[in-house]
Amino acid sequence: MKAFHAAAFLALVIAGVALASVASRETSEQAKSVATEAVVRSANLFGDLKVCEVPGVHEHLLAKGTKTLIYAGEFRPTRATPWTTGTARIFLYVISGTGFIQIGNVSAKAGPGDFFIIPKGARHAVSATSAKLRALYFEDRT
């Protein structure tokens, strides 16, 4: 199972690099990449988290293009399910912690190495059951 998680993480890293490449090509004067380094160390991924409009979510924007956004996010337990409806397709990879992902009427446990695709416009929620669930997620606004 560890080999599968390593392969899934490698696939996500490759996808992230591809999306970051797209984001960098999309960069314009209005939408510049927020990443100032070509390499972001894992210790810095979850630094400088900002409160999000979704309850229990703190996030750090890693890169921004005209149609793509890449975040490091930390989900914390909340009393109510933090439902939201996105305007983008979201690719979410869980780094650490545990919780549940709900997409419409479908609910799944989430833990390290799990990967989810949330369709554009789908009502969804990410709920932490541990102190915090950390994830990388990519928004595709095409």
# chains A, B, ... in the order shown; residues from 1 in each chain; ligands from 1
call {"tool": "residues_around", "arguments": {"residues": "Ala110 of chain A", "least_positions_apart": "6", "cutoff": "8 Å", "atoms": "only C-alpha atoms", "output": "ChimeraX atom specification"}}
result
/A:94,98-101
call {"tool": "write_last_selection", "arguments": {"atoms": "C-alpha atoms", "output": "tab-separated table (two decimals), in the first residue's frame"}}
result
chain	number	residue	atom	x	y	z
A	94	VAL	CA	-4.53	14.64	1.29
A	98	THR	CA	-8.06	12.36	8.59
A	99	GLY	CA	-11.56	13.42	7.72
A	100	PHE	CA	-14.42	13.05	5.27
A	101	ILE	CA	-14.97	14.41	1.79
call {"tool": "select_by_dssp", "arguments": {"residues": "segment 39-89 of chain A", "states": "strand (DSSP E or B)", "output": "JSON, numbers by chain"}}
result
{"A": [50, 51, 57, 58, 59, 60, 61, 62, 63, 64, 68, 69, 70, 71, 72, 73, 74, 75, 84, 85, 89]}
call {"tool": "closest_atom_pairs", "arguments": {"of": "segment 31-72 of chain A", "to": "segment 86-93 of chain A", "cutoff": "12 Å", "atoms": "only C-alpha atoms", "output": "CSV"}}
result
residue,atom,partner,partner_atom,distance
A:Val54,CA,A:Gly86,CA,10.9
A:Lys67,CA,A:Ala88,CA,9.1
A:Thr68,CA,A:Ala88,CA,8.9
A:Leu69,CA,A:Ile90,CA,9.5
A:Ile70,CA,A:Phe91,CA,9.5
A:Tyr71,CA,A:Leu92,CA,9.5
A:Ala72,CA,A:Leu92,CA,9.8
call {"tool": "atom_distance", "arguments": {"atom1": "atom CA of Lys109 of chain A", "atom2": "atom CA of Glu53 of chain A"}}
result
23.4 Å
call {"tool": "closest_residue", "arguments": {"among": "A:Ala63, A:Val57, A:Ala122, A:Ile103", "to": "Ala135 of chain A", "atoms": "only C-alpha atoms"}}
result
A:Val57
call {"tool": "atom_distance", "arguments": {"atom1": "atom CA of Ile95 of chain A", "atom2": "atom CA of Lys50 of chain A"}}
result
18.3 Å
call {"tool": "closest_residue", "arguments": {"among": "A:Arg123, A:Arg134, A:Thr129, A:Phe116", "to": "His58 of chain A", "atoms": "only C-alpha atoms"}}
result
A:Arg134
call {"tool": "decode", "arguments": {"residues": "segment 86-102 of chain A", "atoms": "all heavy atoms", "output": "compact mmCIF listing (two decimals), in the first residue's frame"}}
result
# COMPACT_ATOMS: atom_id res chain seq x y z
N GLY A 86 -18.28 25.15 -5.54
CA GLY A 86 -17.17 25.79 -6.23
C GLY A 86 -17.49 26.18 -7.65
O GLY A 86 -18.40 25.64 -8.28
N THR A 87 -16.72 27.13 -8.13
CA THR A 87 -16.84 27.58 -9.53
C THR A 87 -15.74 26.97 -10.39
O THR A 87 -15.54 27.39 -11.51
CB THR A 87 -16.76 29.11 -9.60
OG1 THR A 87 -15.51 29.52 -9.02
CG2 THR A 87 -17.91 29.77 -8.85
N ALA A 88 -15.02 25.99 -9.81
CA ALA A 88 -13.91 25.35 -10.52
C ALA A 88 -13.92 23.86 -10.22
O ALA A 88 -14.46 23.42 -9.21
CB ALA A 88 -12.58 25.95 -10.07
N ARG A 89 -13.31 23.08 -11.10
CA ARG A 89 -13.06 21.66 -10.81
C ARG A 89 -11.87 21.65 -9.86
O ARG A 89 -10.88 22.38 -10.08
CB ARG A 89 -12.75 20.91 -12.10
CG ARG A 89 -12.50 19.44 -11.87
CD ARG A 89 -12.42 18.68 -13.16
NE ARG A 89 -11.56 19.37 -14.12
CZ ARG A 89 -11.13 18.85 -15.25
NH1 ARG A 89 -11.52 17.65 -15.60
NH2 ARG A 89 -10.35 19.53 -16.05
N ILE A 90 -11.93 20.83 -8.81
CA ILE A 90 -10.88 20.80 -7.79
C ILE A 90 -10.26 19.42 -7.73
O ILE A 90 -10.97 18.41 -7.69
CB ILE A 90 -11.44 21.19 -6.41
CG1 ILE A 90 -12.03 22.60 -6.46
CG2 ILE A 90 -10.37 21.07 -5.34
CD1 ILE A 90 -12.83 22.98 -5.23
N PHE A 91 -8.92 19.38 -7.74
CA PHE A 91 -8.16 18.15 -7.55
C PHE A 91 -7.54 18.28 -6.17
O PHE A 91 -6.76 19.20 -5.93
CB PHE A 91 -7.07 18.02 -8.61
CG PHE A 91 -7.61 18.00 -10.01
CD1 PHE A 91 -7.78 19.19 -10.72
CD2 PHE A 91 -7.96 16.79 -10.61
CE1 PHE A 91 -8.27 19.17 -12.01
CE2 PHE A 91 -8.45 16.78 -11.91
CZ PHE A 91 -8.62 17.96 -12.61
N LEU A 92 -7.88 17.38 -5.23
CA LEU A 92 -7.44 17.50 -3.85
C LEU A 92 -6.67 16.24 -3.45
O LEU A 92 -7.16 15.13 -3.62
CB LEU A 92 -8.66 17.69 -2.93
CG LEU A 92 -8.35 17.95 -1.47
CD1 LEU A 92 -9.29 19.01 -0.92
CD2 LEU A 92 -8.47 16.69 -0.64
N TYR A 93 -5.46 16.44 -2.92
CA TYR A 93 -4.60 15.35 -2.45
C TYR A 93 -4.33 15.54 -0.97
O TYR A 93 -3.80 16.58 -0.57
CB TYR A 93 -3.28 15.33 -3.23
CG TYR A 93 -2.36 14.22 -2.80
CD1 TYR A 93 -2.57 12.91 -3.24
CD2 TYR A 93 -1.29 14.48 -1.95
CE1 TYR A 93 -1.72 11.88 -2.84
CE2 TYR A 93 -0.44 13.45 -1.55
CZ TYR A 93 -0.67 12.17 -1.99
OH TYR A 93 0.16 11.16 -1.59
N VAL A 94 -4.70 14.55 -0.16
CA VAL A 94 -4.53 14.64 1.29
C VAL A 94 -3.09 14.30 1.66
O VAL A 94 -2.58 13.22 1.31
CB VAL A 94 -5.51 13.70 2.02
CG1 VAL A 94 -5.31 13.80 3.53
CG2 VAL A 94 -6.96 14.03 1.65
N ILE A 95 -2.45 15.22 2.37
CA ILE A 95 -1.06 15.04 2.82
C ILE A 95 -1.03 14.37 4.20
O ILE A 95 -0.29 13.42 4.42
CB ILE A 95 -0.33 16.40 2.91
CG1 ILE A 95 -0.32 17.12 1.56
CG2 ILE A 95 1.07 16.24 3.48
CD1 ILE A 95 0.52 16.47 0.51
N SER A 96 -1.83 14.90 5.14
CA SER A 96 -1.83 14.35 6.50
C SER A 96 -3.18 14.61 7.15
O SER A 96 -3.96 15.45 6.70
CB SER A 96 -0.71 14.99 7.33
OG SER A 96 -0.94 16.37 7.50
N GLY A 97 -3.43 13.89 8.23
CA GLY A 97 -4.68 14.03 8.96
C GLY A 97 -5.77 13.13 8.39
O GLY A 97 -5.55 12.40 7.40
N THR A 98 -6.93 13.17 9.03
CA THR A 98 -8.06 12.36 8.59
C THR A 98 -9.32 13.19 8.57
O THR A 98 -9.42 14.22 9.22
CB THR A 98 -8.28 11.15 9.52
OG1 THR A 98 -8.49 11.64 10.84
CG2 THR A 98 -7.10 10.19 9.50
N GLY A 99 -10.29 12.71 7.80
CA GLY A 99 -11.56 13.42 7.72
C GLY A 99 -12.49 12.74 6.73
O GLY A 99 -12.34 11.55 6.42
N PHE A 100 -13.46 13.51 6.27
CA PHE A 100 -14.42 13.05 5.27
C PHE A 100 -14.51 14.07 4.16
O PHE A 100 -14.43 15.27 4.40
CB PHE A 100 -15.81 12.88 5.90
CG PHE A 100 -15.93 11.68 6.78
CD1 PHE A 100 -15.69 11.77 8.13
CD2 PHE A 100 -16.27 10.44 6.24
CE1 PHE A 100 -15.78 10.66 8.95
CE2 PHE A 100 -16.36 9.33 7.05
CZ PHE A 100 -16.13 9.43 8.41
N ILE A 101 -14.69 13.57 2.95
CA ILE A 101 -14.97 14.41 1.79
C ILE A 101 -16.39 14.07 1.38
O ILE A 101 -16.73 12.89 1.23
CB ILE A 101 -14.01 14.12 0.61
CG1 ILE A 101 -12.55 14.26 1.02
CG2 ILE A 101 -14.35 14.99 -0.58
CD1 ILE A 101 -12.07 15.64 1.27
N GLN A 102 -17.21 15.08 1.23
CA GLN A 102 -18.57 14.87 0.75
C GLN A 102 -18.72 15.64 -0.55
O GLN A 102 -18.40 16.82 -0.63
CB GLN A 102 -19.57 15.36 1.79
CG GLN A 102 -19.52 14.54 3.07
CD GLN A 102 -20.37 15.14 4.15
OE1 GLN A 102 -19.88 15.95 4.92
NE2 GLN A 102 -21.63 14.74 4.20
